[in-house]
>>> print(open('structure.txt').read())   # compact mmCIF, C-alpha atoms
# COMPACT_ATOMS: atom_id res chain seq x y z
CA MET A 138 0.00 0.00 0.00
CA ARG A 139 2.83 2.33 0.93
CA HIS A 140 4.60 1.62 -2.38
CA ALA A 141 1.39 2.37 -4.30
CA ARG A 142 1.09 5.77 -2.61
CA ARG A 143 4.71 6.56 -3.50
CA ARG A 144 4.09 5.66 -7.13
CA ILE A 145 1.04 7.95 -7.22
CA VAL A 146 2.99 10.82 -5.66
CA ARG A 147 5.85 10.39 -8.15
CA ARG A 148 3.42 10.23 -11.08
CA VAL A 149 1.61 13.42 -9.95
CA ALA A 150 4.96 15.20 -9.52
CA ARG A 151 6.06 14.20 -13.02
CA LEU A 152 2.77 15.37 -14.54
CA ALA A 153 3.05 18.69 -12.67
CA ALA A 154 6.61 19.17 -13.95
CA VAL A 155 5.56 18.49 -17.55
CA GLY A 156 2.64 20.89 -17.17
CA GLY A 157 5.01 23.53 -15.80
CA LEU A 158 7.27 23.14 -18.84
CA LEU A 159 4.32 23.68 -21.18
CA LEU A 160 3.02 26.66 -19.20
CA GLY A 161 6.46 28.30 -18.96
CA GLY A 162 7.11 27.79 -22.66
CA THR A 163 3.77 29.43 -23.51
CA MET A 164 4.53 32.42 -21.25
CA VAL A 165 7.94 32.93 -22.82
CA THR A 166 6.44 32.75 -26.33
CA ARG A 167 3.75 35.33 -25.50
CA ALA A 168 6.24 37.66 -23.81
CA VAL A 169 8.53 37.59 -26.83
CA ALA A 170 5.60 38.18 -29.18
CA SER A 171 4.48 41.24 -27.16
CA GLU A 172 7.86 43.01 -27.26
CA PRO A 173 7.59 46.52 -28.75
CA PRO A 174 8.82 46.49 -32.35
CA ASP A 175 11.65 48.92 -31.85
CA ALA A 176 13.00 47.76 -28.53
CA SER A 177 15.42 44.85 -28.41
CA ALA A 178 13.38 43.10 -31.10
CA ALA A 179 13.73 45.96 -33.56
CA PRO A 180 14.37 44.55 -37.01
CA ARG A 181 17.51 45.68 -38.74
CA THR A 182 16.63 46.88 -42.23
CA LEU A 183 20.07 48.26 -43.12
CA ALA A 184 18.19 51.21 -44.59
CA GLN A 185 20.96 53.64 -43.67
CA SER A 186 23.56 51.89 -45.86
CA ALA A 187 21.06 51.41 -48.70
CA SER A 188 20.07 55.07 -48.51
CA GLY A 189 23.71 56.16 -48.55
CA ALA A 190 24.45 54.06 -51.63
CA GLY A 191 21.42 55.45 -53.46
CA ALA A 192 22.23 59.03 -52.52
CA GLY A 193 25.80 58.60 -53.71
CA LEU A 194 24.68 57.36 -57.12
CA VAL A 195 22.16 60.21 -57.52
CA SER A 196 24.85 62.75 -56.61
CA ARG A 197 27.32 61.25 -59.10
CA LEU A 198 24.90 60.92 -62.03
CA GLY A 199 23.15 64.28 -61.49
CA THR A 200 19.54 65.45 -61.30
CA ASP A 201 19.07 65.49 -65.10
CA ARG A 202 19.72 61.73 -65.38
CA THR A 203 18.12 60.55 -62.12
CA ALA A 204 14.79 61.08 -60.34
CA GLY A 205 15.42 60.06 -56.74
CA HIS A 206 16.17 56.83 -54.90
CA TRP A 207 14.47 54.58 -52.36
CA VAL A 208 14.87 51.35 -50.43
CA GLY A 209 13.32 48.33 -52.17
CA SER A 210 11.28 45.64 -50.43
CA ASP A 211 14.40 43.44 -50.39
CA GLY A 212 16.45 46.18 -48.68
CA ARG A 213 18.48 47.04 -51.80
CA PRO A 214 18.83 50.64 -53.03
CA VAL A 215 16.72 51.52 -56.07
CA VAL A 216 17.62 54.51 -58.26
CA ALA A 217 15.28 56.07 -60.84
CA VAL A 218 17.20 56.89 -64.04
CA THR A 219 16.25 58.49 -67.36
CA ASP A 220 18.70 56.76 -69.74
CA GLU A 221 20.30 53.37 -70.27
CA ARG A 222 23.87 54.51 -69.58
CA ALA A 223 22.82 55.74 -66.16
CA ALA A 224 21.00 52.45 -65.59
CA GLU A 225 24.17 50.49 -66.38
CA ALA A 226 26.17 52.62 -63.95
CA VAL A 227 23.60 51.93 -61.22
CA ARG A 228 23.70 48.16 -61.86
CA ARG A 229 27.49 48.10 -61.81
CA ALA A 230 27.34 49.71 -58.37
CA GLY A 231 25.15 46.85 -57.10
CA ALA A 232 21.89 48.81 -56.96
CA VAL A 233 18.61 48.36 -58.83
CA ALA A 234 17.88 50.74 -61.74
CA LYS A 235 14.37 51.80 -62.73
CA ARG A 236 13.84 53.66 -66.00
CA VAL A 237 11.50 56.67 -65.72
CA ARG A 238 10.37 59.47 -68.06
CA HIS A 239 10.89 62.53 -65.89
CA SER A 240 14.11 63.63 -64.20
CA MET A 241 14.49 65.16 -60.75
CA SER A 242 14.99 68.52 -62.42
CA GLU A 243 11.53 68.25 -64.00
CA LEU A 244 9.90 67.09 -60.76
CA GLY A 245 11.55 69.91 -58.82
CA SER A 246 10.44 72.46 -61.40
CA ALA A 247 6.84 71.25 -61.07
CA ALA A 248 6.99 71.62 -57.27
CA SER A 249 8.35 75.16 -57.68
CA THR A 250 5.43 76.03 -59.97
CA LEU A 251 2.95 74.74 -57.37
CA ARG A 252 4.65 76.82 -54.64
CA ALA A 253 4.37 79.91 -56.81
CA ALA A 254 0.61 79.42 -57.32
CA PRO A 255 -1.86 81.13 -54.95
CA ARG A 256 -1.78 79.38 -51.59
CA VAL A 257 -4.67 77.01 -50.81
CA SER A 258 -4.98 75.96 -47.17
CA GLY A 259 -5.61 72.22 -46.73
CA THR A 260 -3.39 71.13 -49.64
CA ALA A 261 -0.06 69.34 -49.73
CA TRP A 262 2.28 67.97 -52.36
CA ALA A 263 5.37 65.78 -52.48
CA LEU A 264 7.65 64.06 -54.99
CA ASP A 265 6.73 60.39 -55.38
CA TYR A 266 9.97 58.85 -56.65
CA ARG A 267 8.50 55.40 -57.20
CA SER A 268 5.67 56.55 -59.46
CA ASN A 269 7.80 59.37 -60.97
CA GLU A 270 5.07 61.90 -60.20
CA VAL A 271 4.32 64.96 -58.14
CA VAL A 272 1.33 64.05 -55.96
CA VAL A 273 -0.99 66.90 -54.93
CA ARG A 274 -3.50 66.19 -52.15
CA GLY A 275 -6.44 68.24 -50.97
CA ASP A 276 -8.34 67.63 -47.73
CA ARG A 277 -12.07 68.07 -47.15
CA THR A 278 -11.70 71.77 -46.27
CA VAL A 279 -10.61 72.69 -49.82
CA SER A 280 -13.50 74.20 -51.77
CA GLY A 281 -14.45 73.03 -55.23
CA SER A 282 -13.36 76.30 -56.84
CA ASP A 283 -9.93 76.24 -55.16
CA TRP A 284 -9.43 72.61 -56.14
CA SER A 285 -10.43 73.35 -59.72
CA ARG A 286 -7.98 76.27 -59.88
CA LEU A 287 -5.13 74.13 -58.52
CA THR A 288 -6.03 71.34 -60.95
CA GLY A 289 -5.66 73.84 -63.78
CA VAL A 290 -2.14 74.69 -62.56
CA ALA A 291 -1.31 70.96 -62.45
CA HIS A 292 -2.56 70.39 -66.00
CA GLY A 293 -0.39 73.25 -67.17
CA ILE A 294 2.67 71.56 -65.71
CA GLY A 295 2.13 68.22 -67.45
CA GLY A 296 0.78 64.73 -67.04
CA PHE A 297 3.16 63.75 -64.27
CA VAL A 298 1.24 65.73 -61.61
CA ARG A 299 -1.36 63.52 -59.89
CA MET A 300 -4.30 65.11 -58.05
CA GLU A 301 -5.88 63.30 -55.07
CA ARG A 302 -8.60 64.21 -52.57
CA THR A 303 -8.04 62.86 -49.06
CA GLU A 304 -10.27 62.33 -46.05
CA GLY A 305 -9.68 64.29 -42.87
CA THR A 306 -7.90 67.60 -42.50
CA PHE A 307 -4.24 68.58 -42.70
CA THR A 308 -3.58 70.02 -39.26
CA THR A 309 -0.65 70.56 -36.95
CA ARG A 310 -0.76 67.92 -34.21
CA LEU A 311 -0.66 70.31 -31.31
CA ASN A 312 -1.36 68.73 -28.10
CA GLY A 313 3.50 63.85 -27.74
CA ALA A 314 6.72 60.98 -26.43
CA GLU A 315 6.45 62.89 -23.12
CA PRO A 316 3.75 65.56 -22.75
CA ILE A 317 4.79 69.15 -22.12
CA LEU A 318 2.13 71.76 -21.51
CA SER A 319 1.82 75.52 -21.72
CA THR A 320 -0.89 78.13 -22.12
CA ALA A 321 -0.52 77.58 -25.89
CA GLY A 322 -1.58 73.92 -25.57
CA ARG A 323 -0.11 70.45 -25.19
CA CYS A 324 2.89 69.24 -27.18
CA SER A 325 5.64 66.61 -27.24
CA ALA A 326 9.16 66.49 -25.98
CA GLY A 327 11.20 65.50 -29.02
CA PHE A 328 14.98 65.01 -28.75
CA ASN A 329 17.39 66.43 -26.19
CA VAL A 330 20.08 68.65 -27.69
CA THR A 331 22.84 70.94 -26.44
CA ASN A 332 24.90 73.88 -27.64
CA GLY A 333 27.77 72.92 -25.33
CA THR A 334 26.64 75.23 -22.54
CA SER A 335 22.93 74.62 -22.02
CA ASP A 336 20.58 71.73 -22.78
CA PHE A 337 17.32 72.01 -24.72
CA ILE A 338 14.31 70.06 -25.98
CA LEU A 339 14.00 70.18 -29.76
CA THR A 340 10.31 70.02 -30.63
CA ALA A 341 7.84 71.34 -33.22
CA GLY A 342 7.80 75.06 -33.97
CA HIS A 343 4.02 75.36 -34.08
CA CYS A 344 3.83 74.23 -30.44
CA GLY A 345 4.33 77.77 -29.21
CA PRO A 346 6.11 81.07 -29.90
CA THR A 347 9.33 82.26 -28.29
CA GLY A 348 8.73 82.95 -24.61
CA SER A 349 6.25 80.09 -24.08
CA VAL A 350 6.71 78.49 -20.64
CA TRP A 351 6.38 74.70 -20.50
CA PHE A 352 5.41 72.44 -17.61
CA GLY A 353 5.64 68.68 -17.09
CA ASP A 354 2.22 68.33 -15.44
CA GLY A 355 -1.23 69.85 -15.65
CA ARG A 356 -0.99 71.56 -12.25
CA GLY A 357 1.99 73.68 -13.23
CA ASP A 358 4.07 72.37 -10.32
CA ARG A 359 7.04 71.23 -12.42
CA GLN A 360 8.38 73.79 -14.85
CA VAL A 361 10.35 72.19 -17.68
CA GLY A 362 11.64 75.25 -19.54
CA THR A 363 10.99 78.13 -21.91
CA THR A 364 10.94 78.36 -25.70
CA VAL A 365 13.97 80.43 -26.73
CA ALA A 366 14.08 79.97 -30.53
CA GLY A 367 12.07 78.47 -33.37
CA SER A 368 10.75 78.69 -36.90
CA PHE A 369 7.13 78.32 -38.03
CA PRO A 370 5.73 78.50 -40.66
CA GLY A 371 8.31 77.87 -43.36
CA ASP A 372 9.97 75.31 -41.07
CA ASP A 373 8.51 73.58 -38.01
CA PHE A 374 11.03 73.40 -35.15
CA SER A 375 11.73 75.14 -31.85
CA LEU A 376 14.05 74.98 -28.83
CA VAL A 377 12.85 74.76 -25.23
CA GLU A 378 15.67 75.60 -22.80
CA TYR A 379 15.61 73.60 -19.57
CA ALA A 380 14.75 75.64 -16.50
CA ASN A 381 17.91 74.47 -14.70
CA GLY A 382 20.01 74.39 -17.89
CA LYS A 383 20.54 70.60 -17.89
CA ALA A 384 18.56 67.67 -19.28
CA GLY A 385 19.71 65.19 -16.62
CA ASP A 386 20.15 61.42 -16.81
CA GLY A 387 18.61 59.39 -19.64
CA ALA A 388 18.69 62.34 -22.01
CA ASP A 389 19.65 60.13 -24.96
CA VAL A 390 16.73 57.70 -24.53
CA VAL A 391 13.40 57.76 -26.38
CA ALA A 392 10.51 56.09 -24.54
CA VAL A 393 8.60 53.39 -26.44
CA GLY A 394 6.15 52.36 -23.69
CA ASP A 395 5.98 49.69 -20.98
CA GLY A 396 9.01 51.20 -19.27
CA LYS A 397 11.26 50.54 -22.24
CA GLY A 398 13.26 52.89 -24.42
CA VAL A 399 15.61 53.13 -27.37
CA ARG A 400 18.95 54.87 -27.02
CA ILE A 401 19.50 57.42 -29.78
CA THR A 402 23.04 57.24 -31.10
CA GLY A 403 23.11 59.75 -33.97
CA THR A 404 21.17 61.69 -36.58
CA GLY A 405 20.49 60.87 -40.20
CA GLU A 406 18.30 61.44 -43.22
CA PRO A 407 15.59 58.92 -44.15
CA ALA A 408 15.09 57.17 -47.47
CA VAL A 409 11.80 56.56 -49.26
CA GLY A 410 10.61 53.06 -48.34
CA GLN A 411 12.48 52.99 -45.04
CA ARG A 412 10.67 51.66 -41.96
CA VAL A 413 10.45 54.29 -39.23
CA PHE A 414 9.00 54.64 -35.73
CA ARG A 415 7.27 57.54 -34.01
CA SER A 416 6.54 57.95 -30.30
CA GLY A 417 3.90 60.27 -28.90
CA SER A 418 1.95 60.74 -25.67
CA THR A 419 -1.47 60.50 -27.35
CA SER A 420 -1.13 57.46 -29.59
CA GLY A 421 2.09 55.91 -28.22
CA LEU A 422 4.57 54.00 -30.37
CA ARG A 423 3.64 53.64 -34.06
CA ASP A 424 5.54 52.51 -37.14
CA GLY A 425 5.26 52.82 -40.90
CA ARG A 426 7.23 53.74 -44.01
CA VAL A 427 8.63 56.90 -45.52
CA THR A 428 6.53 57.60 -48.62
CA ALA A 429 8.06 60.85 -49.93
CA LEU A 430 10.61 63.56 -49.19
CA ASP A 431 10.68 67.34 -49.63
CA ALA A 432 6.92 67.59 -49.04
CA THR A 433 5.05 70.90 -48.79
CA VAL A 434 1.99 71.28 -46.55
CA ASN A 435 -0.36 74.28 -46.50
CA TYR A 436 -1.60 74.24 -42.89
CA PRO A 437 -4.26 76.78 -41.85
CA GLU A 438 -1.50 78.55 -39.86
CA GLY A 439 0.91 78.73 -42.82
CA THR A 440 2.97 76.74 -45.32
CA VAL A 441 5.81 74.42 -44.28
CA THR A 442 8.26 73.00 -46.84
CA GLY A 443 10.95 70.32 -46.92
CA LEU A 444 9.02 67.82 -44.79
CA ILE A 445 9.24 64.01 -44.62
CA GLU A 446 5.99 62.31 -45.66
CA THR A 447 5.10 58.96 -44.06
CA ASP A 448 2.16 56.59 -43.66
CA VAL A 449 2.69 56.50 -39.87
CA CYS A 450 -0.46 57.55 -38.04
CA ALA A 451 -0.61 60.39 -35.51
CA GLU A 452 -3.24 62.25 -33.53
CA PRO A 453 -3.63 65.61 -31.80
CA GLY A 454 -1.16 65.65 -28.93
CA ASP A 455 1.66 63.93 -30.84
CA SER A 456 3.25 67.14 -32.18
CA GLY A 457 7.00 67.42 -31.71
CA GLY A 458 7.34 63.72 -30.87
CA PRO A 459 10.48 61.92 -32.06
CA MET A 460 10.76 59.91 -35.28
CA PHE A 461 13.66 57.45 -35.45
CA SER A 462 14.90 54.22 -37.00
CA GLU A 463 17.61 51.80 -35.82
CA GLY A 464 18.67 54.22 -33.09
CA VAL A 465 19.06 57.12 -35.54
CA ALA A 466 17.09 60.33 -34.97
CA LEU A 467 15.33 61.48 -38.15
CA GLY A 468 12.75 64.15 -37.34
CA VAL A 469 10.01 65.57 -35.13
CA THR A 470 6.26 65.32 -35.74
CA SER A 471 4.79 68.28 -37.58
CA GLY A 472 1.22 67.41 -38.65
CA GLY A 473 -0.94 65.42 -41.02
CA SER A 474 -4.38 63.97 -41.58
CA GLY A 475 -6.31 60.92 -40.39
CA ASP A 476 -5.92 59.08 -37.10
CA CYS A 477 -4.63 55.78 -35.68
CA ALA A 478 -8.01 54.05 -36.02
CA LYS A 479 -8.32 54.46 -39.79
CA GLY A 480 -4.72 55.41 -40.65
CA GLY A 481 -3.47 58.55 -42.29
CA THR A 482 -0.52 60.63 -43.45
CA THR A 483 1.95 62.29 -41.07
CA PHE A 484 4.67 64.82 -41.91
CA PHE A 485 7.92 65.33 -40.01
CA GLN A 486 10.41 68.17 -39.78
CA PRO A 487 13.85 66.72 -40.74
CA LEU A 488 16.17 66.81 -37.73
CA PRO A 489 19.57 67.61 -39.34
CA GLU A 490 18.20 70.77 -40.97
CA ALA A 491 16.66 71.97 -37.69
CA MET A 492 19.83 71.27 -35.66
CA GLU A 493 22.05 73.05 -38.17
CA SER A 494 19.78 76.09 -38.17
CA LEU A 495 19.66 76.22 -34.36
CA GLY A 496 23.37 75.48 -33.82
CA VAL A 497 22.85 72.46 -31.55
CA ARG A 498 23.75 68.75 -31.49
CA LEU A 499 22.19 65.65 -29.94
CA ILE A 500 23.08 64.93 -26.33
CA GLY A 501 25.08 61.72 -25.99
CA SER A 502 25.12 60.84 -29.70
CA GLY A 503 27.64 58.09 -30.42
CA ARG A 504 28.35 57.68 -26.70
CA GLN A 505 29.41 54.45 -24.97
CA GLY A 506 30.85 53.04 -28.15
CA THR A 507 27.48 52.51 -29.81
CA ALA A 508 27.77 53.02 -33.56
CA ALA A 509 25.37 55.35 -35.24
CA GLY A 510 22.63 53.52 -36.97
CA THR A 511 22.27 50.74 -34.40
CA SER A 512 19.47 50.32 -31.91
CA ALA A 513 20.09 49.92 -28.22
CA THR A 514 17.54 49.11 -25.53
CA ALA A 515 17.66 51.08 -22.32
CA SER A 516 15.55 51.70 -19.27
CA PRO A 517 14.14 55.20 -19.52
CA GLY A 518 13.02 55.22 -15.90
CA ALA A 519 15.59 57.80 -14.82
CA ALA A 520 15.20 60.06 -17.80
CA ALA A 521 14.87 63.76 -17.29
CA PRO A 522 11.78 65.72 -18.31
CA GLY A 523 11.82 66.08 -22.04
CA ALA A 524 14.10 63.11 -22.49
CA SER A 525 11.30 61.50 -24.48
CA ALA A 526 11.17 59.01 -21.66
CA PRO A 527 9.23 58.85 -18.39
CA ALA A 528 10.14 61.87 -16.31
CA THR A 529 9.04 60.34 -13.02
CA GLY A 530 10.74 57.65 -11.02
CA VAL A 531 14.44 56.94 -10.60
CA GLY A 532 16.32 53.78 -11.37
CA GLY A 533 13.52 51.86 -13.06
CA SER A 534 11.62 48.82 -11.72
CA PRO A 535 13.10 46.55 -9.05
CA LEU A 536 14.30 43.15 -10.20
CA LEU A 537 11.47 41.26 -8.50
CA ALA A 538 8.84 43.49 -10.10
CA ARG A 539 10.35 42.93 -13.52
CA LEU A 540 10.47 39.16 -12.99
CA ALA A 541 6.83 39.15 -11.89
CA ASP A 542 5.67 41.20 -14.86
CA PRO A 543 3.85 38.78 -17.24
CA ARG A 544 4.95 40.90 -20.21
CA ASN A 545 8.56 39.86 -19.57
CA VAL A 546 10.14 36.47 -20.21
CA GLY A 547 11.32 36.19 -16.56
CA PRO A 548 8.24 34.46 -15.07
CA GLY A 549 8.10 31.93 -17.90
CA LEU A 550 11.80 31.13 -17.59
CA LEU A 551 11.46 30.68 -13.81
CA ILE A 552 8.58 28.21 -14.28
CA VAL A 553 10.54 26.30 -16.94
CA ALA A 554 13.61 26.09 -14.68
CA GLY A 555 11.58 24.95 -11.67
CA SER A 556 9.78 22.31 -13.73
CA LEU A 557 13.07 20.94 -15.05
CA VAL A 558 14.45 20.69 -11.51
CA ALA A 559 11.29 18.90 -10.34
CA LEU A 560 11.39 16.48 -13.27
CA VAL A 561 15.07 15.64 -12.69
CA ALA A 562 14.44 15.24 -8.95
CA THR A 563 11.59 12.75 -9.46
CA ARG A 564 13.71 10.70 -11.84
CA TRP A 565 16.61 10.68 -9.35
CA ILE A 566 14.38 9.69 -6.43
CA ARG A 567 12.88 6.84 -8.42
CA ALA A 568 16.31 5.59 -9.50
CA GLU A 569 17.57 5.75 -5.90
CA GLN A 570 14.54 3.81 -4.62
CA ASP A 571 15.00 1.18 -7.32
CA ARG A 572 18.65 0.71 -6.31
CA LYS A 573 17.69 0.28 -2.63
CA ALA A 574 14.94 -2.20 -3.53
CA TYR A 575 17.40 -4.22 -5.64
CA ARG A 576 19.92 -4.29 -2.78
CA ARG A 577 17.28 -5.56 -0.37
CA HIS A 578 16.18 -8.23 -2.85
CA TYR A 579 19.82 -9.26 -3.48
CA SER A 580 20.51 -9.53 0.25
CA ALA A 581 17.39 -11.60 0.89
CA THR A 582 18.22 -13.93 -2.01
CA TRP A 583 21.89 -14.52 -1.17
CA GLY A 584 21.75 -13.91 2.58
>>> encode(input="structure.txt", output="structure tokens")
Amino acid sequence: MRHARRRIVRRVARLAAVGGLLLGGTMVTRAVASEPPDASAAPRTLAQSASGAGAGLVSRLGTDRTAGHWVGSDGRPVVAVTDERAAEAVRRAGAVAKRVRHSMSELGSAASTLRAAPRVSGTAWALDYRSNEVVVRGDRTVSGSDWSRLTGVAHGIGGFVRMERTEGTFTTRLNGAEPILSTAGRCSAGFNVTNGTSDFILTAGHCGPTGSVWFGDGRGDRQVGTTVAGSFPGDDFSLVEYANGKAGDGADVVAVGDGKGVRITGTGEPAVGQRVFRSGSTSGLRDGRVTALDATVNYPEGTVTGLIETDVCAEPGDSGGPMFSEGVALGVTSGGSGDCAKGGTTFFQPLPEAMESLGVRLIGSGRQGTAAGTSATASPGAAAPGASAPATGVGGSPLLARLADPRNVGPGLLIVAGSLVALVATRWIRAEQDRKAYRRHYSATWG
């Protein structure tokens, strides 16, 4: 009877250990699947090298023989060319050549003609390299007469100008990764920058004029800083100087949610087709692709040129939020149309142009031996206000809290390890009992 009970206990223990292995494996799988796309699981697209190769070919061949470049679905650089000799040069360089009818000079001339036409609020246009067209969009606020007049200008340019009506309204996204608030409204903290003496938040220019005072909470108890420079319309960037002159710890980290962040290691220029990420306090972390460069948007407040066009969604409150890819800072959120329920178009102010104009550089870029263009995960828990990371809390979560968080792989791994120990222990106990039973039998037989 006693032996039967032992067998039952051992069998239950083995079944429990096997069940623990299955449960732990499931938890680990779910935790890995729920990782944010640009944290440690961020895919490497090598878009920076592809973009550099494409840009080099365009620069060498000239704007009369090329019409832009982009990153193909296979990650290779694609260059639009107007003649076969240029196509051969592109192929010899290891890139993909696409023959098109209109050169970059023609596309640029068409955009200049549209800029010279009477301004129509609610319209935008950009150079679509892949279709070799200039795409003009009008939102629902554009009247029929204004749209007809702009269509006449497009027809006068030629058949490579495409007219499209779009749902929603082209607006600045005032109201971002970390919220900052003033009497002008709510905006985003973008990237932390410095001029070597003082530290600043680089955000959108439409967020507020020079002199705007910004706070980190709705009660006005924590003053972040004051806007000291900016440009809008025309461009869309501004500088908020920290109240104490320093950004603090974690200034090179962009928050991506769930207490995680991406360390920014440098600045760069995007390529059409490149996958990018945007973080904002209203809609959180979102991703998409760059669809066009050098876009012009006629907001109700004024016209902004030279923007990056993407299919990443954004909503009011995301203005000034950071756009990045593979740890490289690319721009800050300007505006767009649509929302994150139905999708839409979002425009970004390019970062290198804004930093050069303001005479600042990223804080901590290229620090700790991290090469520009790579992603690095970091805990943004100790980040300063405006670090595009949580401004409250120091040092991040304790180890036990992180292990207990079902969104992490820790709990699953602990269950798997415990189940393995239990399974090995039951096998060892059974083997030891079998040896003792054999010894007793041997002694009784040969006693």
>>> closest_residue(input="structure.txt", among="A:Ala263, A:Val497, A:Val218, A:Val441", to="Ala341 in chain A", atoms="all atoms listed in the file")
A:Val441
>>> residues_near_point(input="structure.txt", point="(20.0, 56.4, -37.6)", cutoff="6 Å", atoms="only C-alpha atoms", output="list in words")
Gly403, Thr404, Gly405, Ser462, Glu463, Gly464, Val465, Ala466, Ala509 and Gly510 of chain A
>>> closest_residue(input="structure.txt", among="A:Arg256, A:Arg197, A:Lys383, A:His206", to="Ala408 in chain A", atoms="only C-alpha atoms")
A:His206
>>> residues_around(input="structure.txt", residues="Val330 in chain A", least_positions_apart="4", cutoff="8 Å", atoms="all atoms listed in the file", output="list in words")
Asp336, Phe337, Ile338, Leu339, Val497, Arg498, Leu499 and Ile500 of chain A
>>> residues_around(input="structure.txt", residues="Asp424 in chain A", least_positions_apart="3", cutoff="7 Å", atoms="only C-alpha atoms", output="PyMOL selection string")
chain A and resi 413-415+449
>>> closest_residue(input="structure.txt", among="A:Thr447, A:Ser258, A:Thr308, A:Thr347", to="Gly362 in chain A", atoms="only C-alpha atoms")
A:Thr347
>>> atom_distance(input="structure.txt", atom1="CA of Ala230 in chain A", atom2="CA of Arg412 in chain A")
23.5 Å
>>> atom_distance(input="structure.txt", atom1="CA of Ala217 in chain A", atom2="CA of Ala253 in chain A")
26.5 Å
>>> residues_near_point(input="structure.txt", point="(-1.4, 65.0, -34.2)", cutoff="7 Å", atoms="only C-alpha atoms", output="PyMOL selection string")
chain A and resi 309-311+451-456+472-473
>>> atom_distance(input="structure.txt", atom1="CA of Ile445 in chain A", atom2="CA of Trp262 in chain A")
11.1 Å
>>> closest_residue(input="structure.txt", among="A:Thr250, A:Ser282, A:Gly209, A:Gly398", to="Lys235 in chain A", atoms="only C-alpha atoms")
A:Gly209
